[in-house]
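Engineer: One structure coming up, written as structure tokens, with questions to follow.
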Amino acid sequence: MLTDERKQVWIDKFQTRLAFRMCAYLALLPLVLLNLLFAWKLVSEGVHNPLEQLVSLLQQYMPIGVCLLILVPVMAWDAIRFSHKLVGPIMRFRKCAQCIARGETVRPIKLREGDYLGEFRDEFNAMLDTLQRQGASIFQSETPAEGVKVEQN
């Protein structure tokens, strides 16, 4: 039986891929920016001592690097939490479909406030209701909390 509460935030490999992708982009950003700024410095000042000019550039823009080091983990975590509003409902639908296929008792899908796929939830629950009315061996128990059950013919 499925419960309505979801306590874990990181629940799917999609979220792992998203976090790695964000970290890669945010790691690439300072490298590209550093190269652009260094080339700009060489063009605008002329090439005197490239190593000294590079060190000067790094010292000048170090606060930006520190900010990125602080922000990257925060941004990645925020992306995971944001994606949970989509991934969480998808996991609920998958688990519900698996339970139905095994003939287990399930409840109509309920999503949390702010989750995406609310329209799909309504259509999915309407499908269960229609199958029940058509006599497709799906029945609801007496209490709404018990939900829907699928029986094998």
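To be explicit about the labels: the chains of the structure tokens are called A, B, and onward in the order shown, and within each one the residues are counted from 1, while ligands get numbers from 1 in the order they are shown.
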Determine, using only C-alpha atoms, which residues of range 111-136 of chain A have any atom at most 10 Å from an atom of range 91-106 of chain A, and tabulate each with its shortest atom pair and distance in Å to one decimal place, rows ordered by chain and then rising number, as a tab-separated table.
Structural biologist:
residue	atom	partner	partner_atom	distance
A:Leu111	CA	A:Arg92	CA	8.5
A:Phe120	CA	A:Phe93	CA	9.5
A:Arg121	CA	A:Phe93	CA	8.2
A:Phe124	CA	A:Phe93	CA	8.5
A:Leu128	CA	A:Ile100	CA	10.0
Engineer: Would you mind exporting the chosen residues as a compact mmCIF listing (two decimals), in the first residue's frame, restricted to N, CA and C atoms?
Structural biologist:
# COMPACT_ATOMS: atom_id res chain seq x y z
N LEU A 111 -1.48 14.38 -4.41
CA LEU A 111 -0.22 15.10 -4.51
C LEU A 111 -0.18 16.21 -3.48
N PHE A 120 -2.80 15.59 -14.51
CA PHE A 120 -2.59 14.17 -14.79
C PHE A 120 -3.13 13.31 -13.64
N ARG A 121 -2.94 13.78 -12.41
CA ARG A 121 -3.49 13.08 -11.24
C ARG A 121 -4.99 12.94 -11.38
N PHE A 124 -5.80 10.42 -14.08
CA PHE A 124 -5.44 9.08 -13.63
C PHE A 124 -6.52 8.55 -12.68
N LEU A 128 -9.21 5.38 -13.08
CA LEU A 128 -9.48 4.32 -12.10
C LEU A 128 -10.98 4.23 -11.81
Engineer: Find the residue from A:Cys23, A:Leu57, A:Leu51, A:Ile90 that sits nearest to Trp77 in chain A; use only C-alpha atoms when measuring.
Structural biologist: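 Counting only C-alpha atoms, the residue closest to Trp77 in chain A is A:Cys23.
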Engineer: When you look at Leu54 in chain A with a cut-off of 12 Å (counting only C-alpha atoms), what residues show up, excluding the ones that are within fewer than 5 positions of it in the same chain? I need them as a list in words.
Structural biologist: Leu34, Asn35, Leu36, Leu37, Phe38, Ala39, Trp40, Lys41, Leu42, Val47, His48, Asn49, Gln59, Gln60, Tyr61 and Met62 of chain A
Engineer: Keeping only N, CA and C atoms, write those residues as a PDB file, in the first residue's frame.
Structural biologist:
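Once everything was written out, this is part_23.pdb:
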ATOM      1  N   LEU A  34      37.221  33.177 -16.969  1.00  0.00           N
ATOM      2  CA  LEU A  34      38.630  33.466 -16.704  1.00  0.00           C
ATOM      3  C   LEU A  34      39.419  33.600 -18.005  1.00  0.00           C
ATOM      4  N   ASN A  35      39.176  32.686 -18.940  1.00  0.00           N
ATOM      5  CA  ASN A  35      39.872  32.763 -20.225  1.00  0.00           C
ATOM      6  C   ASN A  35      39.506  34.030 -20.986  1.00  0.00           C
ATOM      7  N   LEU A  36      38.229  34.383 -20.977  1.00  0.00           N
ATOM      8  CA  LEU A  36      37.786  35.593 -21.668  1.00  0.00           C
ATOM      9  C   LEU A  36      38.413  36.833 -21.026  1.00  0.00           C
ATOM     10  N   LEU A  37      38.366  36.895 -19.698  1.00  0.00           N
ATOM     11  CA  LEU A  37      38.942  38.054 -19.003  1.00  0.00           C
ATOM     12  C   LEU A  37      40.457  38.143 -19.206  1.00  0.00           C
ATOM     13  N   PHE A  38      41.122  37.001 -19.204  1.00  0.00           N
ATOM     14  CA  PHE A  38      42.572  36.992 -19.410  1.00  0.00           C
ATOM     15  C   PHE A  38      42.922  37.459 -20.825  1.00  0.00           C
ATOM     16  N   ALA A  39      42.176  36.958 -21.803  1.00  0.00           N
ATOM     17  CA  ALA A  39      42.414  37.398 -23.175  1.00  0.00           C
ATOM     18  C   ALA A  39      42.137  38.898 -23.303  1.00  0.00           C
ATOM     19  N   TRP A  40      41.070  39.361 -22.675  1.00  0.00           N
ATOM     20  CA  TRP A  40      40.739  40.788 -22.699  1.00  0.00           C
ATOM     21  C   TRP A  40      41.855  41.618 -22.075  1.00  0.00           C
ATOM     22  N   LYS A  41      42.389  41.132 -20.947  1.00  0.00           N
ATOM     23  CA  LYS A  41      43.471  41.839 -20.258  1.00  0.00           C
ATOM     24  C   LYS A  41      44.723  41.900 -21.142  1.00  0.00           C
ATOM     25  N   LEU A  42      45.041  40.795 -21.804  1.00  0.00           N
ATOM     26  CA  LEU A  42      46.222  40.771 -22.678  1.00  0.00           C
ATOM     27  C   LEU A  42      46.058  41.716 -23.862  1.00  0.00           C
ATOM     28  N   VAL A  47      50.834  42.305 -24.005  1.00  0.00           N
ATOM     29  CA  VAL A  47      51.486  41.170 -23.351  1.00  0.00           C
ATOM     30  C   VAL A  47      52.808  41.635 -22.780  1.00  0.00           C
ATOM     31  N   HIS A  48      52.864  41.749 -21.435  1.00  0.00           N
ATOM     32  CA  HIS A  48      54.111  42.134 -20.766  1.00  0.00           C
ATOM     33  C   HIS A  48      54.721  40.890 -20.121  1.00  0.00           C
ATOM     34  N   ASN A  49      54.046  40.405 -19.109  1.00  0.00           N
ATOM     35  CA  ASN A  49      54.442  39.191 -18.416  1.00  0.00           C
ATOM     36  C   ASN A  49      53.148  38.401 -18.171  1.00  0.00           C
ATOM     37  N   GLN A  59      43.735  37.456  -8.581  1.00  0.00           N
ATOM     38  CA  GLN A  59      43.564  38.210  -7.338  1.00  0.00           C
ATOM     39  C   GLN A  59      42.399  39.190  -7.443  1.00  0.00           C
ATOM     40  N   GLN A  60      42.274  39.811  -8.588  1.00  0.00           N
ATOM     41  CA  GLN A  60      41.222  40.803  -8.779  1.00  0.00           C
ATOM     42  C   GLN A  60      39.836  40.172  -8.739  1.00  0.00           C
ATOM     43  N   TYR A  61      39.696  38.971  -9.309  1.00  0.00           N
ATOM     44  CA  TYR A  61      38.379  38.344  -9.428  1.00  0.00           C
ATOM     45  C   TYR A  61      38.183  37.174  -8.458  1.00  0.00           C
ATOM     46  N   MET A  62      39.024  37.043  -7.443  1.00  0.00           N
ATOM     47  CA  MET A  62      38.890  35.970  -6.467  1.00  0.00           C
ATOM     48  C   MET A  62      37.532  35.979  -5.751  1.00  0.00           C
TER      49      MET A  62
END
Engineer: Which residues are close to Leu86 in chain A, i.e. within 9 Å by only C-alpha atoms, leaving aside same-chain residues fewer than 6 positions away? Reply as a PyMOL selection string.
Structural biologist: chain A and resi 115-117
Engineer: Go ahead and dump the residues you just picked, C-alpha atoms, as a PDB file, in the first residue's frame.
Structural biologist:
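Saved file out.pdb follows:
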ATOM      1  CA  ASP A 115       3.448  19.550  -6.906  1.00  0.00           C
ATOM      2  CA  TYR A 116       3.232  19.445 -10.678  1.00  0.00           C
ATOM      3  CA  LEU A 117       1.075  17.022 -12.695  1.00  0.00           C
TER       4      LEU A 117
END
Engineer: Going by DSSP on the backbone, which bits of chain A are strand (DSSP E or B)? Write them as number ranges by chain, please.
Structural biologist: A: 105-106, 138-140, 148-150
Engineer: Hey, can you spit out that residue selection with N, CA and C atoms as a PDB file, in the first residue's frame?
Structural biologist:
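Writing the result to part39.pdb gives the following:
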ATOM      1  N   THR A 105      -3.878  -3.328  -3.212  1.00  0.00           N
ATOM      2  CA  THR A 105      -4.759  -2.215  -2.888  1.00  0.00           C
ATOM      3  C   THR A 105      -3.986  -0.910  -3.008  1.00  0.00           C
ATOM      4  N   VAL A 106      -4.589   0.057  -3.656  1.00  0.00           N
ATOM      5  CA  VAL A 106      -3.977   1.376  -3.790  1.00  0.00           C
ATOM      6  C   VAL A 106      -5.008   2.439  -3.477  1.00  0.00           C
ATOM      7  N   ILE A 138     -12.069  -3.602 -10.584  1.00  0.00           N
ATOM      8  CA  ILE A 138     -11.494  -2.613  -9.685  1.00  0.00           C
ATOM      9  C   ILE A 138     -12.615  -2.163  -8.774  1.00  0.00           C
ATOM     10  N   PHE A 139     -12.377  -2.153  -7.493  1.00  0.00           N
ATOM     11  CA  PHE A 139     -13.409  -1.681  -6.583  1.00  0.00           C
ATOM     12  C   PHE A 139     -12.799  -0.817  -5.502  1.00  0.00           C
ATOM     13  N   GLN A 140     -13.606   0.101  -5.003  1.00  0.00           N
ATOM     14  CA  GLN A 140     -13.193   0.922  -3.879  1.00  0.00           C
ATOM     15  C   GLN A 140     -13.760   0.311  -2.619  1.00  0.00           C
ATOM     16  N   VAL A 148      -8.488   2.144  -4.017  1.00  0.00           N
ATOM     17  CA  VAL A 148      -8.899   1.328  -5.145  1.00  0.00           C
ATOM     18  C   VAL A 148      -8.143   0.022  -5.084  1.00  0.00           C
ATOM     19  N   LYS A 149      -8.799  -1.079  -5.452  1.00  0.00           N
ATOM     20  CA  LYS A 149      -8.122  -2.374  -5.492  1.00  0.00           C
ATOM     21  C   LYS A 149      -8.346  -3.005  -6.850  1.00  0.00           C
ATOM     22  N   VAL A 150      -7.329  -3.682  -7.331  1.00  0.00           N
ATOM     23  CA  VAL A 150      -7.425  -4.386  -8.594  1.00  0.00           C
ATOM     24  C   VAL A 150      -7.396  -5.868  -8.280  1.00  0.00           C
TER      25      VAL A 150
END
Engineer: I need the residues in chain A that are helix (DSSP H, G or I) according to DSSP; give them as number ranges by chain.
Structural biologist: A: 13-45, 50-60, 62-102, 118-133
Engineer: Would you write out those residues with C-alpha atoms, as a JSON list (two decimals), in the first residue's frame?
Structural biologist:
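What landed in out36.json:
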[["chain", "number", "residue", "atom", "x", "y", "z"],
["A", 13, "LYS", "CA", 18.47, 9.24, -10.83],
["A", 14, "PHE", "CA", 17.07, 12.13, -12.87],
["A", 15, "GLN", "CA", 17.81, 14.38, -9.91],
["A", 16, "THR", "CA", 21.37, 13.04, -9.70],
["A", 17, "ARG", "CA", 21.90, 13.75, -13.39],
["A", 18, "LEU", "CA", 20.43, 17.23, -12.97],
["A", 19, "ALA", "CA", 22.77, 17.99, -10.06],
["A", 20, "PHE", "CA", 25.83, 16.79, -11.99],
["A", 21, "ARG", "CA", 24.77, 18.78, -15.03],
["A", 22, "MET", "CA", 24.34, 21.97, -13.00],
["A", 23, "CYS", "CA", 27.69, 21.48, -11.29],
["A", 24, "ALA", "CA", 29.37, 20.92, -14.65],
["A", 25, "TYR", "CA", 27.85, 24.10, -16.09],
["A", 26, "LEU", "CA", 28.77, 26.09, -13.02],
["A", 27, "ALA", "CA", 32.31, 24.70, -13.06],
["A", 28, "LEU", "CA", 32.63, 25.56, -16.74],
["A", 29, "LEU", "CA", 31.43, 29.12, -16.22],
["A", 30, "PRO", "CA", 34.50, 30.38, -14.27],
["A", 31, "LEU", "CA", 36.88, 28.65, -16.69],
["A", 32, "VAL", "CA", 35.30, 30.31, -19.71],
["A", 33, "LEU", "CA", 35.00, 33.63, -17.88],
["A", 34, "LEU", "CA", 38.63, 33.47, -16.70],
["A", 35, "ASN", "CA", 39.87, 32.76, -20.23],
["A", 36, "LEU", "CA", 37.79, 35.59, -21.67],
["A", 37, "LEU", "CA", 38.94, 38.05, -19.00],
["A", 38, "PHE", "CA", 42.57, 36.99, -19.41],
["A", 39, "ALA", "CA", 42.41, 37.40, -23.17],
["A", 40, "TRP", "CA", 40.74, 40.79, -22.70],
["A", 41, "LYS", "CA", 43.47, 41.84, -20.26],
["A", 42, "LEU", "CA", 46.22, 40.77, -22.68],
["A", 43, "VAL", "CA", 44.59, 42.64, -25.55],
["A", 44, "SER", "CA", 43.86, 45.80, -23.56],
["A", 45, "GLU", "CA", 47.17, 45.99, -21.64],
["A", 50, "PRO", "CA", 51.53, 36.75, -18.97],
["A", 51, "LEU", "CA", 52.08, 34.87, -15.70],
["A", 52, "GLU", "CA", 52.09, 38.09, -13.69],
["A", 53, "GLN", "CA", 49.03, 39.34, -15.54],
["A", 54, "LEU", "CA", 47.23, 36.03, -14.85],
["A", 55, "VAL", "CA", 48.03, 36.21, -11.12],
["A", 56, "SER", "CA", 46.81, 39.81, -11.05],
["A", 57, "LEU", "CA", 43.59, 38.77, -12.76],
["A", 58, "LEU", "CA", 43.04, 35.90, -10.31],
["A", 59, "GLN", "CA", 43.56, 38.21, -7.34],
["A", 60, "GLN", "CA", 41.22, 40.80, -8.78],
["A", 62, "MET", "CA", 38.89, 35.97, -6.47],
["A", 63, "PRO", "CA", 35.65, 37.11, -4.73],
["A", 64, "ILE", "CA", 33.66, 35.88, -7.74],
["A", 65, "GLY", "CA", 35.32, 32.47, -7.45],
["A", 66, "VAL", "CA", 34.57, 32.28, -3.73],
["A", 67, "CYS", "CA", 30.94, 33.21, -4.37],
["A", 68, "LEU", "CA", 30.65, 30.45, -6.97],
["A", 69, "LEU", "CA", 32.15, 27.90, -4.58],
["A", 70, "ILE", "CA", 29.54, 28.85, -2.01],
["A", 71, "LEU", "CA", 26.63, 29.09, -4.45],
["A", 72, "VAL", "CA", 27.16, 25.92, -6.50],
["A", 73, "PRO", "CA", 26.10, 23.48, -3.75],
["A", 74, "VAL", "CA", 23.19, 25.73, -2.75],
["A", 75, "MET", "CA", 22.01, 26.01, -6.35],
["A", 76, "ALA", "CA", 22.35, 22.26, -6.92],
["A", 77, "TRP", "CA", 20.33, 21.49, -3.78],
["A", 78, "ASP", "CA", 17.67, 23.99, -4.82],
["A", 79, "ALA", "CA", 17.44, 22.35, -8.26],
["A", 80, "ILE", "CA", 16.97, 18.95, -6.61],
["A", 81, "ARG", "CA", 14.24, 20.29, -4.35],
["A", 82, "PHE", "CA", 12.56, 22.03, -7.31],
["A", 83, "SER", "CA", 12.73, 18.91, -9.48],
["A", 84, "HIS", "CA", 11.16, 16.94, -6.63],
["A", 85, "LYS", "CA", 7.86, 18.68, -7.43],
["A", 86, "LEU", "CA", 7.92, 16.80, -10.75],
["A", 87, "VAL", "CA", 9.88, 13.65, -9.92],
["A", 88, "GLY", "CA", 7.90, 12.97, -6.74],
["A", 89, "PRO", "CA", 4.53, 12.79, -8.52],
["A", 90, "ILE", "CA", 6.02, 10.66, -11.30],
["A", 91, "MET", "CA", 7.29, 8.22, -8.69],
["A", 92, "ARG", "CA", 3.81, 8.11, -7.11],
["A", 93, "PHE", "CA", 2.23, 7.28, -10.48],
["A", 94, "ARG", "CA", 4.84, 4.60, -11.20],
["A", 95, "LYS", "CA", 4.41, 2.95, -7.80],
["A", 96, "CYS", "CA", 0.64, 3.10, -8.09],
["A", 97, "ALA", "CA", 0.72, 1.50, -11.55],
["A", 98, "GLN", "CA", 3.07, -1.22, -10.26],
["A", 99, "CYS", "CA", 0.73, -1.93, -7.33],
["A", 100, "ILE", "CA", -2.27, -2.12, -9.68],
["A", 101, "ALA", "CA", -0.39, -4.52, -11.95],
["A", 102, "ARG", "CA", 0.36, -6.74, -8.93],
["A", 118, "GLY", "CA", -2.16, 17.88, -10.88],
["A", 119, "GLU", "CA", -4.17, 17.56, -14.10],
["A", 120, "PHE", "CA", -2.59, 14.17, -14.79],
["A", 121, "ARG", "CA", -3.49, 13.08, -11.24],
["A", 122, "ASP", "CA", -7.11, 14.00, -11.87],
["A", 123, "GLU", "CA", -7.15, 12.12, -15.19],
["A", 124, "PHE", "CA", -5.44, 9.08, -13.63],
["A", 125, "ASN", "CA", -7.93, 8.96, -10.77],
["A", 126, "ALA", "CA", -10.81, 9.44, -13.24],
["A", 127, "MET", "CA", -9.44, 6.49, -15.23],
["A", 128, "LEU", "CA", -9.48, 4.32, -12.10],
["A", 129, "ASP", "CA", -13.03, 5.43, -11.38],
["A", 130, "THR", "CA", -14.14, 4.70, -14.95],
["A", 131, "LEU", "CA", -12.54, 1.27, -14.88],
["A", 132, "GLN", "CA", -14.35, 0.56, -11.63],
["A", 133, "ARG", "CA", -17.71, 1.65, -13.08]]
